[in-house]
file structure.tsv (TSV, C-alpha atoms)
chain	number	residue	atom	x	y	z
A	12	MET	CA	2.39	39.43	-0.74
A	13	LEU	CA	5.17	40.87	1.42
A	14	SER	CA	7.84	38.55	2.81
A	15	LYS	CA	8.35	38.54	6.58
A	16	ARG	CA	11.64	40.40	6.16
A	17	SER	CA	10.05	43.11	3.98
A	18	TYR	CA	7.22	43.49	6.48
A	19	TYR	CA	9.59	44.00	9.42
A	20	ASN	CA	11.71	46.41	7.37
A	21	ARG	CA	8.62	48.49	6.63
A	22	ILE	CA	7.67	48.52	10.33
A	23	SER	CA	11.22	49.51	11.28
A	24	HIS	CA	11.27	52.36	8.73
A	25	ARG	CA	7.94	53.61	10.03
A	26	LYS	CA	9.25	53.71	13.60
A	27	ILE	CA	12.29	55.67	12.48
A	28	ARG	CA	10.06	58.18	10.64
A	29	ILE	CA	7.87	58.61	13.70
A	30	LEU	CA	10.93	59.11	15.92
A	31	LEU	CA	12.38	61.75	13.57
A	32	LYS	CA	9.06	63.60	13.44
A	33	SER	CA	8.89	63.50	17.25
A	34	ILE	CA	12.33	65.09	17.52
A	35	CYS	CA	11.49	67.78	14.95
A	36	LEU	CA	8.22	68.60	16.70
A	37	LEU	CA	9.97	68.76	20.07
A	38	PHE	CA	12.10	71.71	18.89
A	39	PHE	CA	8.99	73.91	18.52
A	40	PHE	CA	8.15	73.49	22.22
A	41	GLU	CA	11.17	74.49	24.28
A	42	PRO	CA	10.54	74.00	28.04
A	43	LYS	CA	10.46	77.42	29.68
A	44	SER	CA	12.84	76.33	32.44
A	45	PHE	CA	15.92	76.98	30.28
A	46	ASP	CA	14.91	80.61	29.70
A	47	GLU	CA	13.78	81.18	33.30
A	48	LEU	CA	16.96	79.69	34.78
A	49	PHE	CA	19.08	81.72	32.36
A	50	LYS	CA	17.36	84.95	33.46
A	51	SER	CA	17.91	84.08	37.12
A	52	GLY	CA	21.63	83.50	36.48
A	53	TYR	CA	21.44	79.80	37.43
A	54	ASN	CA	23.90	77.83	35.29
A	55	ALA	CA	23.50	80.58	32.68
A	56	SER	CA	26.07	79.28	30.18
A	57	PHE	CA	24.49	75.83	29.91
A	58	ASN	CA	20.94	77.19	29.62
A	59	SER	CA	22.08	79.73	27.02
A	60	ILE	CA	23.59	76.94	24.91
A	61	ILE	CA	20.38	74.88	25.17
A	62	GLY	CA	18.31	77.91	24.14
A	63	SER	CA	20.57	78.51	21.13
A	64	VAL	CA	20.31	74.85	20.07
A	65	TYR	CA	16.50	75.06	20.23
A	66	LEU	CA	16.45	78.27	18.19
A	67	ILE	CA	18.75	76.93	15.46
A	68	ALA	CA	16.78	73.67	15.31
A	69	MET	CA	13.43	75.52	15.07
A	70	LEU	CA	14.70	77.70	12.25
A	71	PHE	CA	16.13	74.67	10.42
A	72	VAL	CA	12.96	72.55	10.73
A	73	SER	CA	10.82	75.57	9.75
A	74	SER	CA	12.96	76.12	6.64
A	75	ILE	CA	12.57	72.47	5.61
A	76	ALA	CA	8.80	72.79	6.16
A	77	PHE	CA	8.68	75.87	3.89
A	78	ILE	CA	10.61	74.04	1.15
A	79	GLU	CA	8.37	70.95	1.31
A	80	PHE	CA	5.25	73.10	1.27
A	81	PHE	CA	6.32	75.09	-1.79
A	82	ARG	CA	7.12	71.86	-3.61
A	83	TYR	CA	3.63	70.65	-2.78
A	84	ILE	CA	1.74	73.74	-4.01
A	85	HIS	CA	4.00	73.91	-7.09
A	86	ASN	CA	2.09	70.86	-8.30
A	87	ASP	CA	-1.15	72.90	-8.19
A	88	LYS	CA	-2.40	71.20	-5.04
A	89	GLY	CA	-4.61	73.05	-2.58
A	90	ILE	CA	-4.43	73.71	1.14
A	91	ASP	CA	-7.31	73.66	3.60
A	92	PHE	CA	-8.84	77.06	4.44
A	93	LEU	CA	-8.22	76.64	8.17
A	94	TYR	CA	-4.46	76.31	7.62
A	95	LEU	CA	-4.54	79.56	5.66
A	96	LEU	CA	-6.56	81.15	8.46
A	97	GLN	CA	-3.92	80.11	10.99
A	98	ILE	CA	-1.20	81.64	8.84
A	99	ALA	CA	-3.26	84.82	8.47
A	100	THR	CA	-3.66	85.03	12.27
A	101	ILE	CA	0.10	84.66	12.76
A	102	VAL	CA	0.80	87.32	10.12
A	103	PHE	CA	-1.65	89.76	11.73
A	104	LEU	CA	-0.03	89.18	15.14
A	105	CYS	CA	3.23	90.40	13.61
A	106	PHE	CA	1.52	93.16	11.61
A	107	ALA	CA	-0.10	94.46	14.81
A	108	VAL	CA	3.25	94.93	16.57
A	109	LEU	CA	4.57	96.60	13.43
A	110	MET	CA	1.70	99.09	13.47
A	111	ASN	CA	1.88	99.79	17.21
A	112	GLY	CA	5.63	100.31	17.02
A	113	THR	CA	6.80	97.37	19.16
A	114	ILE	CA	8.11	95.07	16.44
A	115	SER	CA	11.45	93.39	17.13
A	116	LEU	CA	13.63	90.53	15.94
A	117	VAL	CA	11.73	88.29	18.36
A	118	SER	CA	8.48	89.19	16.58
A	119	LEU	CA	9.97	88.28	13.19
A	120	LYS	CA	11.44	85.07	14.60
A	121	ASN	CA	8.02	84.10	16.00
A	122	LEU	CA	6.39	84.88	12.65
A	123	TYR	CA	8.77	82.58	10.77
A	124	ILE	CA	8.70	79.76	13.32
A	125	ARG	CA	4.92	79.75	13.85
A	126	ILE	CA	4.22	79.61	10.14
A	127	GLY	CA	6.91	76.92	9.98
A	128	LEU	CA	5.02	74.92	12.61
A	129	VAL	CA	1.74	75.20	10.68
A	130	LEU	CA	3.46	73.99	7.50
A	131	PHE	CA	5.34	71.25	9.37
A	132	CYS	CA	2.03	69.93	10.72
A	133	PHE	CA	0.43	70.20	7.28
A	134	ASN	CA	3.26	68.41	5.48
A	135	ASN	CA	3.48	65.53	7.95
A	136	SER	CA	-0.23	64.95	8.44
A	137	ARG	CA	-0.67	64.97	4.66
A	138	GLN	CA	1.86	62.14	4.38
A	139	SER	CA	0.36	60.10	7.25
A	140	SER	CA	-1.87	61.60	9.92
A	141	THR	CA	-1.65	58.47	12.08
A	142	ASP	CA	2.16	58.55	12.08
A	143	PHE	CA	2.04	62.23	12.99
A	144	TYR	CA	-0.35	61.52	15.88
A	145	TYR	CA	2.07	58.93	17.24
A	146	SER	CA	5.05	61.24	16.83
A	147	GLY	CA	3.20	63.95	18.79
A	148	MET	CA	2.18	61.45	21.45
A	149	TYR	CA	5.80	60.36	21.98
A	150	CYS	CA	7.11	63.95	21.85
A	151	PHE	CA	4.72	65.38	24.44
A	152	GLY	CA	4.67	62.17	26.44
A	153	PHE	CA	8.44	62.42	26.83
A	154	LEU	CA	8.30	66.11	27.79
A	155	SER	CA	5.42	65.51	30.21
A	156	LEU	CA	7.33	62.67	31.87
A	157	LEU	CA	10.36	64.92	32.42
A	158	GLY	CA	8.04	67.59	33.79
A	159	VAL	CA	6.43	65.13	36.22
A	160	ILE	CA	9.83	63.89	37.43
A	161	SER	CA	11.07	67.45	38.00
A	162	ILE	CA	8.03	68.33	40.14
A	163	ILE	CA	8.34	65.15	42.22
A	164	LEU	CA	12.06	65.68	42.80
A	165	TYR	CA	11.81	69.45	43.30
A	166	PRO	CA	8.35	70.29	44.76
A	167	ASN	CA	9.40	73.93	45.22
A	168	GLY	CA	11.21	74.18	41.91
A	169	TYR	CA	14.87	73.99	40.95
A	170	LEU	CA	15.65	77.15	42.94
A	171	ASN	CA	13.70	75.98	46.03
A	172	SER	CA	11.34	78.95	45.87
A	173	ALA	CA	9.56	80.00	49.07
A	174	HIS	CA	6.33	80.49	47.10
A	175	LYS	CA	5.28	77.97	44.46
A	176	GLN	CA	3.84	80.63	42.16
A	177	TYR	CA	7.47	81.68	41.58
A	178	ALA	CA	8.87	78.16	41.34
A	179	VAL	CA	10.63	77.00	38.16
A	180	TYR	CA	10.12	73.38	37.07
A	181	PHE	CA	11.37	71.63	33.94
A	182	LEU	CA	8.39	72.74	31.84
A	183	GLY	CA	8.35	76.23	33.36
A	184	SER	CA	6.02	77.63	36.01
A	185	LYS	CA	3.46	75.51	37.87
A	186	ASN	CA	0.80	76.33	35.25
A	187	SER	CA	3.05	75.86	32.19
A	188	SER	CA	2.92	72.06	32.45
A	189	TYR	CA	-0.76	71.96	31.48
A	190	CYS	CA	-0.12	72.68	27.78
A	191	PHE	CA	2.28	69.74	27.47
A	192	TYR	CA	-0.09	67.43	29.35
A	193	TYR	CA	-2.99	68.52	27.15
A	194	CYS	CA	-1.11	67.92	23.88
A	195	PHE	CA	0.04	64.48	25.08
A	196	ILE	CA	-3.52	63.41	25.96
A	197	LEU	CA	-5.00	64.82	22.73
A	198	PHE	CA	-2.32	63.23	20.53
A	199	TYR	CA	-2.87	59.90	22.32
A	200	ILE	CA	-6.64	60.10	21.81
A	201	LEU	CA	-6.28	60.82	18.09
A	202	ALA	CA	-3.64	58.12	17.58
A	203	LYS	CA	-5.82	55.52	19.26
A	204	MET	CA	-8.96	56.75	17.49
A	205	ALA	CA	-7.13	56.10	14.22
A	206	ASP	CA	-6.35	52.56	15.42
A	207	GLY	CA	-9.85	52.12	16.89
A	208	LYS	CA	-8.74	51.25	20.43
A	209	ILE	CA	-8.72	54.05	23.02
A	210	SER	CA	-7.64	52.66	26.40
A	211	LYS	CA	-9.65	54.22	29.23
A	212	LYS	CA	-7.45	52.49	31.80
A	213	PHE	CA	-4.21	53.93	30.41
A	214	LEU	CA	-5.64	57.45	30.12
A	215	THR	CA	-7.16	57.24	33.61
A	216	PHE	CA	-3.79	56.18	35.02
A	217	CYS	CA	-1.91	58.97	33.19
A	218	ILE	CA	-4.38	61.69	34.17
A	219	SER	CA	-4.42	60.47	37.79
A	220	VAL	CA	-0.63	60.75	37.97
A	221	LEU	CA	-0.76	64.22	36.40
A	222	LEU	CA	-3.44	65.23	38.93
A	223	ILE	CA	-1.24	64.20	41.84
A	224	VAL	CA	1.66	66.19	40.39
A	225	ALA	CA	-0.60	69.23	39.79
A	226	ARG	CA	-1.55	69.18	43.46
A	227	ILE	CA	2.11	68.91	44.52
A	228	CYS	CA	2.89	72.21	42.77
A	229	ASP	CA	-0.47	73.78	43.75
A	230	SER	CA	-1.65	74.43	40.18
A	231	GLY	CA	-5.40	74.95	40.52
A	232	ASN	CA	-6.00	75.59	36.81
A	233	THR	CA	-4.20	72.41	35.77
A	234	THR	CA	-6.09	70.43	38.42
A	235	ILE	CA	-9.48	71.62	37.17
A	236	ALA	CA	-8.54	70.93	33.54
A	237	LEU	CA	-7.34	67.39	34.37
A	238	ILE	CA	-10.48	66.62	36.39
A	239	LEU	CA	-12.58	67.64	33.38
A	240	MET	CA	-10.41	65.44	31.13
A	241	LEU	CA	-10.90	62.54	33.50
A	242	PHE	CA	-14.67	63.05	33.37
A	243	PHE	CA	-14.79	62.95	29.56
A	244	ILE	CA	-12.51	59.89	29.46
A	245	LEU	CA	-14.43	57.91	32.09
A	246	PHE	CA	-17.76	58.60	30.40
A	247	TYR	CA	-16.49	58.12	26.85
A	248	ASN	CA	-18.84	55.80	24.94
A	249	THR	CA	-21.67	56.43	27.41
A	250	ARG	CA	-24.99	58.24	27.05
A	251	ILE	CA	-24.00	60.77	29.75
A	252	VAL	CA	-21.49	62.44	27.41
A	253	CYS	CA	-22.51	61.20	23.95
A	254	LYS	CA	-26.12	62.39	24.20
A	255	THR	CA	-25.50	65.67	25.99
A	256	TRP	CA	-22.21	67.15	24.74
A	257	THR	CA	-21.73	68.74	21.31
A	258	PRO	CA	-19.27	71.25	19.79
A	259	ILE	CA	-21.89	74.01	19.78
A	260	LYS	CA	-22.65	73.43	23.46
A	261	ALA	CA	-18.91	73.66	24.17
A	262	ILE	CA	-18.73	77.09	22.47
A	263	VAL	CA	-21.86	78.35	24.23
A	264	ALA	CA	-20.59	77.09	27.60
A	265	ILE	CA	-17.27	78.92	27.16
A	266	LEU	CA	-19.06	82.10	26.14
A	267	LEU	CA	-21.33	82.01	29.19
A	268	ILE	CA	-18.50	81.13	31.58
A	269	ASP	CA	-16.32	83.97	30.28
A	270	ILE	CA	-19.16	86.49	30.51
A	271	ILE	CA	-19.84	85.43	34.09
A	272	ILE	CA	-16.16	85.38	35.07
A	273	TYR	CA	-15.07	88.59	33.35
A	274	GLY	CA	-18.21	90.54	34.16
A	275	GLY	CA	-19.77	88.95	37.21
A	276	THR	CA	-17.05	89.11	39.87
A	277	GLN	CA	-18.70	92.16	41.43
A	278	PHE	CA	-21.87	90.24	42.35
A	279	ASP	CA	-22.44	88.42	45.67
A	280	PHE	CA	-23.55	85.18	44.04
A	281	PHE	CA	-20.18	84.92	42.29
A	282	SER	CA	-18.25	84.91	45.57
A	283	LYS	CA	-20.44	82.05	46.81
A	284	ILE	CA	-19.70	80.01	43.67
A	285	THR	CA	-15.95	80.61	43.82
A	286	ALA	CA	-15.92	79.69	47.51
A	287	ILE	CA	-17.44	76.30	46.65
A	288	ILE	CA	-14.61	75.49	44.20
A	289	GLY	CA	-11.96	76.89	46.52
A	290	ARG	CA	-11.08	80.02	44.54
A	291	ASP	CA	-11.16	83.68	45.58
A	292	THR	CA	-13.23	86.18	43.60
A	293	THR	CA	-10.10	87.75	42.08
A	294	PHE	CA	-8.82	84.35	40.86
A	295	THR	CA	-5.45	84.95	42.52
A	296	GLY	CA	-5.33	88.55	41.36
A	297	ARG	CA	-6.28	87.83	37.76
A	298	THR	CA	-9.25	90.22	37.74
A	299	VAL	CA	-6.86	93.14	38.28
A	300	LEU	CA	-4.82	92.04	35.24
A	301	TRP	CA	-7.96	91.50	33.16
A	302	SER	CA	-9.16	95.02	33.96
A	303	GLN	CA	-5.80	96.47	32.90
A	304	GLY	CA	-5.82	94.40	29.71
A	305	LEU	CA	-9.29	95.63	28.74
A	306	ASN	CA	-8.19	99.21	29.41
A	307	TYR	CA	-5.22	98.71	27.07
A	308	PHE	CA	-7.65	97.36	24.43
A	309	LYS	CA	-10.03	100.33	24.85
A	310	SER	CA	-7.12	102.71	24.29
A	311	HIS	CA	-5.71	100.76	21.31
A	312	PRO	CA	-8.58	98.70	19.81
A	313	LEU	CA	-7.28	98.17	16.28
A	314	PHE	CA	-3.66	97.06	16.71
A	315	GLY	CA	-3.31	96.76	20.48
A	316	ALA	CA	-0.82	98.39	22.81
A	317	GLY	CA	2.13	96.20	21.78
A	318	ASP	CA	4.25	93.31	23.01
A	319	GLY	CA	6.12	95.36	25.60
A	320	ILE	CA	3.21	96.42	27.82
A	321	SER	CA	3.25	95.53	31.52
A	322	PHE	CA	0.54	94.53	33.96
A	323	TYR	CA	0.76	95.47	37.64
A	324	ILE	CA	-0.56	93.57	40.65
A	325	GLU	CA	0.42	94.69	44.16
A	326	ASP	CA	4.23	94.81	44.14
A	327	ALA	CA	4.68	92.48	41.14
A	328	ILE	CA	4.87	93.12	37.39
A	329	ALA	CA	3.51	90.67	34.80
A	330	ASN	CA	4.07	90.65	31.04
A	331	HIS	CA	0.65	89.21	30.18
A	332	ALA	CA	-3.00	89.50	31.25
A	333	HIS	CA	-3.40	85.88	32.47
A	334	SER	CA	-6.10	85.35	29.84
A	335	GLU	CA	-5.32	84.37	26.26
A	336	TYR	CA	-8.33	86.28	24.95
A	337	ILE	CA	-7.79	89.53	26.87
A	338	ASN	CA	-4.03	89.34	26.31
A	339	CYS	CA	-4.59	89.09	22.54
A	340	LEU	CA	-6.94	92.08	22.57
A	341	ALA	CA	-4.62	94.15	24.76
A	342	LYS	CA	-1.39	93.48	22.86
A	343	TYR	CA	-2.50	92.90	19.25
A	344	GLY	CA	-5.98	94.37	18.90
A	345	VAL	CA	-9.23	93.09	17.50
A	346	ILE	CA	-8.15	91.53	14.16
A	347	PRO	CA	-6.06	88.55	15.46
A	348	PHE	CA	-8.67	87.99	18.17
A	349	VAL	CA	-11.50	87.80	15.60
A	350	LEU	CA	-9.45	85.43	13.42
A	351	LEU	CA	-8.85	83.18	16.45
A	352	VAL	CA	-12.58	83.15	17.24
A	353	ILE	CA	-13.40	82.30	13.61
A	354	SER	CA	-10.93	79.38	13.76
A	355	ILE	CA	-12.64	78.05	16.88
A	356	ILE	CA	-16.11	78.35	15.33
A	357	ILE	CA	-14.94	76.54	12.19
A	358	ILE	CA	-13.48	73.55	14.05
A	359	ALA	CA	-16.65	73.37	16.15
A	360	LYS	CA	-18.82	73.26	13.01
A	361	ARG	CA	-16.52	70.70	11.37
A	362	LEU	CA	-16.59	68.44	14.42
A	363	LYS	CA	-20.35	68.10	13.95
A	364	THR	CA	-19.80	66.38	10.59
A	365	ILE	CA	-17.86	63.42	12.04
A	366	ASP	CA	-19.96	60.27	11.89
A	367	ASN	CA	-18.99	58.89	15.32
A	368	LYS	CA	-20.99	60.68	18.07
A	369	ASN	CA	-18.77	59.33	20.85
A	370	ASN	CA	-15.68	60.79	19.19
A	371	ILE	CA	-17.50	64.08	18.60
A	372	ALA	CA	-18.38	64.31	22.30
A	373	LEU	CA	-14.85	63.46	23.45
A	374	LEU	CA	-13.13	65.91	21.09
A	375	SER	CA	-15.71	68.59	21.93
A	376	GLY	CA	-14.84	68.04	25.57
A	377	MET	CA	-11.12	68.38	24.88
A	378	MET	CA	-11.75	71.57	22.91
A	379	PHE	CA	-13.90	72.95	25.75
A	380	ILE	CA	-11.19	72.22	28.34
A	381	ASN	CA	-8.50	74.06	26.41
A	382	LEU	CA	-10.73	77.04	25.61
A	383	LEU	CA	-11.63	77.25	29.29
A	384	HIS	CA	-7.98	77.14	30.32
A	385	MET	CA	-7.22	79.90	27.81
A	386	SER	CA	-9.62	82.11	29.80
A	387	PHE	CA	-7.25	81.98	32.79
A	388	ASP	CA	-3.75	81.71	31.36
A	389	VAL	CA	-1.45	82.76	28.52
A	390	TYR	CA	1.08	80.46	26.90
A	391	ASN	CA	3.10	79.90	23.75
A	392	TYR	CA	0.80	80.43	20.74
A	393	ASN	CA	2.26	77.25	19.25
A	394	PHE	CA	-0.01	75.29	21.60
A	395	THR	CA	-3.09	77.05	20.23
A	396	ILE	CA	-1.94	76.13	16.73
A	397	MET	CA	-1.73	72.49	17.81
A	398	MET	CA	-5.26	72.44	19.26
A	399	VAL	CA	-6.80	73.92	16.10
A	400	PHE	CA	-4.73	71.69	13.82
A	401	LEU	CA	-5.33	68.43	15.68
A	402	ILE	CA	-9.09	68.73	16.06
A	403	ASN	CA	-9.44	69.91	12.46
A	404	SER	CA	-7.32	66.98	11.24
A	405	VAL	CA	-10.07	64.53	12.25
A	406	TYR	CA	-12.48	66.32	9.92
A	407	LEU	CA	-9.92	66.34	7.08
A	408	ASN	CA	-9.25	62.60	7.53
A	409	LYS	CA	-12.97	61.81	7.29
A	410	LYS	CA	-13.29	64.06	4.26
A	411	GLN	CA	-10.37	62.32	2.55
A	412	GLU	CA	-11.85	58.89	3.32
A	413	ALA	CA	-15.16	59.95	1.78
A	414	VAL	CA	-13.38	61.13	-1.40
A	415	LEU	CA	-11.46	57.83	-1.69
A	416	GLU	CA	-14.65	55.81	-1.20
A	417	GLN	CA	-16.37	57.83	-3.92
A	418	GLU	CA	-13.44	57.30	-6.30
A	419	VAL	CA	-13.52	53.54	-5.65
A	420	SER	CA	-17.28	53.35	-6.22
A	421	GLU	CA	-16.93	55.18	-9.53
call {"tool": "encode", "arguments": {"input": "structure.tsv", "output": "structure tokens"}}
result
Amino acid sequence: MLSKRSYYNRISHRKIRILLKSICLLFFFEPKSFDELFKSGYNASFNSIIGSVYLIAMLFVSSIAFIEFFRYIHNDKGIDFLYLLQIATIVFLCFAVLMNGTISLVSLKNLYIRIGLVLFCFNNSRQSSTDFYYSGMYCFGFLSLLGVISIILYPNGYLNSAHKQYAVYFLGSKNSSYCFYYCFILFYILAKMADGKISKKFLTFCISVLLIVARICDSGNTTIALILMLFFILFYNTRIVCKTWTPIKAIVAILLIDIIIYGGTQFDFFSKITAIIGRDTTFTGRTVLWSQGLNYFKSHPLFGAGDGISFYIEDAIANHAHSEYINCLAKYGVIPFVLLVISIIIIAKRLKTIDNKNNIALLSGMMFINLLHMSFDVYNYNFTIMMVFLINSVYLNKKQEAVLEQEVSE
């Protein structure tokens, strides 16, 4: 039996480990404000230094993750197929830009860091998935809090932009904040699932605050995503969600929505639907970008048109198609896109095997929300890695528990 002093020492050491993991994870998710402010010439020296610190830290943490991983597999231990699939997707993203002639040092840096993130998540969740959930919750909770404060203090961004679509906040543009909010909520849900005590009141409060902030910066996509989160949280542990929502239904719903959105904007009924939810039929010009992205894909189906392609809308130029799926097809071709789809199908199938139907419904809802948001926006691929990893980790935890129970019974 542990003495009181030994018990408190163990708790203290655990908190330190969680804090260190939070800091390491934070380096993989640099707020876009530093880069945007540097490009605009605002306090360029300071923002350049911050960007350099993030880069060095990411490379260092990635290198440690590689070393730990190779030590692990040196002992003839296996790695889950979905982790390998994520690494394969990242490799093919880099291979595509090599084949279409747009490879650069940035591409190689992204290759190293993204694989480093996958291995970092693998190493830490293998040691203690619950500790890793808490470290992610604190990391993204901290970043989300800074993002919220920046929007409240600077409703039009740091540079007091005349139009909020060009405003720069701490986490980046008005739509960039969503990814950080999503990871915070998902990490919280998984941490509290592990402890068996999800607090609806706390989540409702957090999402309500985030909703208010999303309206301040006029982010329609973030608002819709948060409303859907609030729905799944409020009806968690109820028949409304538990009996009607499954991973397969989430995949089918996304497929139908994307077909309607990408292909149905020319029909009259679509304009009536978008009018009801307060959106125009072009989704703020996105349909023009989607059309250009699909044209790029038709011209370069196998390896895409490359990282450097541009998208044009009125008098503005964008560097992405405002859809994760179309952007992937346009820039990198069909192979990374197919690998991404396979990853999504696998986590959907694995979610079905969890024994708690309420948790299945909630996580299916969170997966649906992110896949829906990916239809309208493009962001750092590291966030997609986190969604796949986190939802899959629940399956791996249950699988490990089943193996331990079988070993004990034998």
call {"tool": "atom_distance", "arguments": {"input": "structure.tsv", "atom1": "atom CA of A:Met204", "atom2": "atom CA of A:Ser155"}}
result
21.1 Å
call {"tool": "closest_residue", "arguments": {"input": "structure.tsv", "among": "A:Leu313, A:Ile328, A:Leu407, A:Ile126", "to": "A:Met69", "atoms": "only C-alpha atoms"}}
result
A:Ile126
call {"tool": "atom_distance", "arguments": {"input": "structure.tsv", "atom1": "atom CA of A:Gly127", "atom2": "atom CA of A:Val179"}}
result
28.4 Å
call {"tool": "closest_residue", "arguments": {"input": "structure.tsv", "among": "A:Leu157, A:Leu245, A:Ile98, A:Leu383", "to": "A:Ile268", "atoms": "all atoms listed in the file"}}
result
A:Leu383
call {"tool": "atom_distance", "arguments": {"input": "structure.tsv", "atom1": "atom CA of A:Gly152", "atom2": "atom CA of A:Ser63"}}
result
23.4 Å
call {"tool": "decode", "arguments": {"input": "structure.tsv", "residues": "stretch 351-398 of chain A", "atoms": "C-alpha atoms", "output": "JSON list (two decimals), in the first residue's frame"}}
result
[["chain", "number", "residue", "atom", "x", "y", "z"],
["A", 351, "LEU", "CA", -8.00, 9.64, -46.68],
["A", 352, "VAL", "CA", -11.40, 8.16, -47.57],
["A", 353, "ILE", "CA", -10.20, 4.67, -46.55],
["A", 354, "SER", "CA", -9.04, 6.07, -43.18],
["A", 355, "ILE", "CA", -12.47, 7.60, -42.59],
["A", 356, "ILE", "CA", -14.26, 4.36, -43.50],
["A", 357, "ILE", "CA", -12.00, 2.37, -41.16],
["A", 358, "ILE", "CA", -12.62, 4.59, -38.13],
["A", 359, "ALA", "CA", -16.36, 4.50, -38.88],
["A", 360, "LYS", "CA", -16.32, 0.68, -38.93],
["A", 361, "ARG", "CA", -14.20, 0.53, -35.78],
["A", 362, "LEU", "CA", -16.52, 2.89, -33.91],
["A", 363, "LYS", "CA", -19.31, 0.34, -34.38],
["A", 364, "THR", "CA", -17.40, -2.17, -32.24],
["A", 365, "ILE", "CA", -17.40, -0.01, -29.09],
["A", 366, "ASP", "CA", -19.73, -1.48, -26.49],
["A", 367, "ASN", "CA", -21.24, 1.82, -25.28],
["A", 368, "LYS", "CA", -23.93, 3.02, -27.74],
["A", 369, "ASN", "CA", -24.08, 6.50, -26.23],
["A", 370, "ASN", "CA", -20.34, 6.97, -26.78],
["A", 371, "ILE", "CA", -20.65, 5.59, -30.32],
["A", 372, "ALA", "CA", -23.38, 8.13, -31.11],
["A", 373, "LEU", "CA", -21.45, 11.06, -29.62],
["A", 374, "LEU", "CA", -18.17, 10.22, -31.37],
["A", 375, "SER", "CA", -20.02, 9.55, -34.63],
["A", 376, "GLY", "CA", -21.53, 13.01, -34.28],
["A", 377, "MET", "CA", -18.12, 14.58, -33.70],
["A", 378, "MET", "CA", -16.74, 12.75, -36.73],
["A", 379, "PHE", "CA", -19.70, 13.91, -38.85],
["A", 380, "ILE", "CA", -19.20, 17.55, -37.79],
["A", 381, "ASN", "CA", -15.54, 17.58, -38.79],
["A", 382, "LEU", "CA", -16.13, 15.79, -42.08],
["A", 383, "LEU", "CA", -18.87, 18.30, -42.86],
["A", 384, "HIS", "CA", -16.59, 21.23, -42.05],
["A", 385, "MET", "CA", -13.91, 19.73, -44.30],
["A", 386, "SER", "CA", -16.39, 20.10, -47.18],
["A", 387, "PHE", "CA", -16.24, 23.89, -46.83],
["A", 388, "ASP", "CA", -12.73, 24.70, -45.64],
["A", 389, "VAL", "CA", -9.06, 23.74, -45.86],
["A", 390, "TYR", "CA", -6.71, 23.76, -42.89],
["A", 391, "ASN", "CA", -3.47, 22.30, -41.57],
["A", 392, "TYR", "CA", -3.46, 18.55, -42.29],
["A", 393, "ASN", "CA", -2.24, 18.02, -38.73],
["A", 394, "PHE", "CA", -5.82, 18.56, -37.58],
["A", 395, "THR", "CA", -7.07, 15.75, -39.83],
["A", 396, "ILE", "CA", -4.40, 13.50, -38.33],
["A", 397, "MET", "CA", -5.72, 14.34, -34.86],
["A", 398, "MET", "CA", -9.34, 13.51, -35.75]]
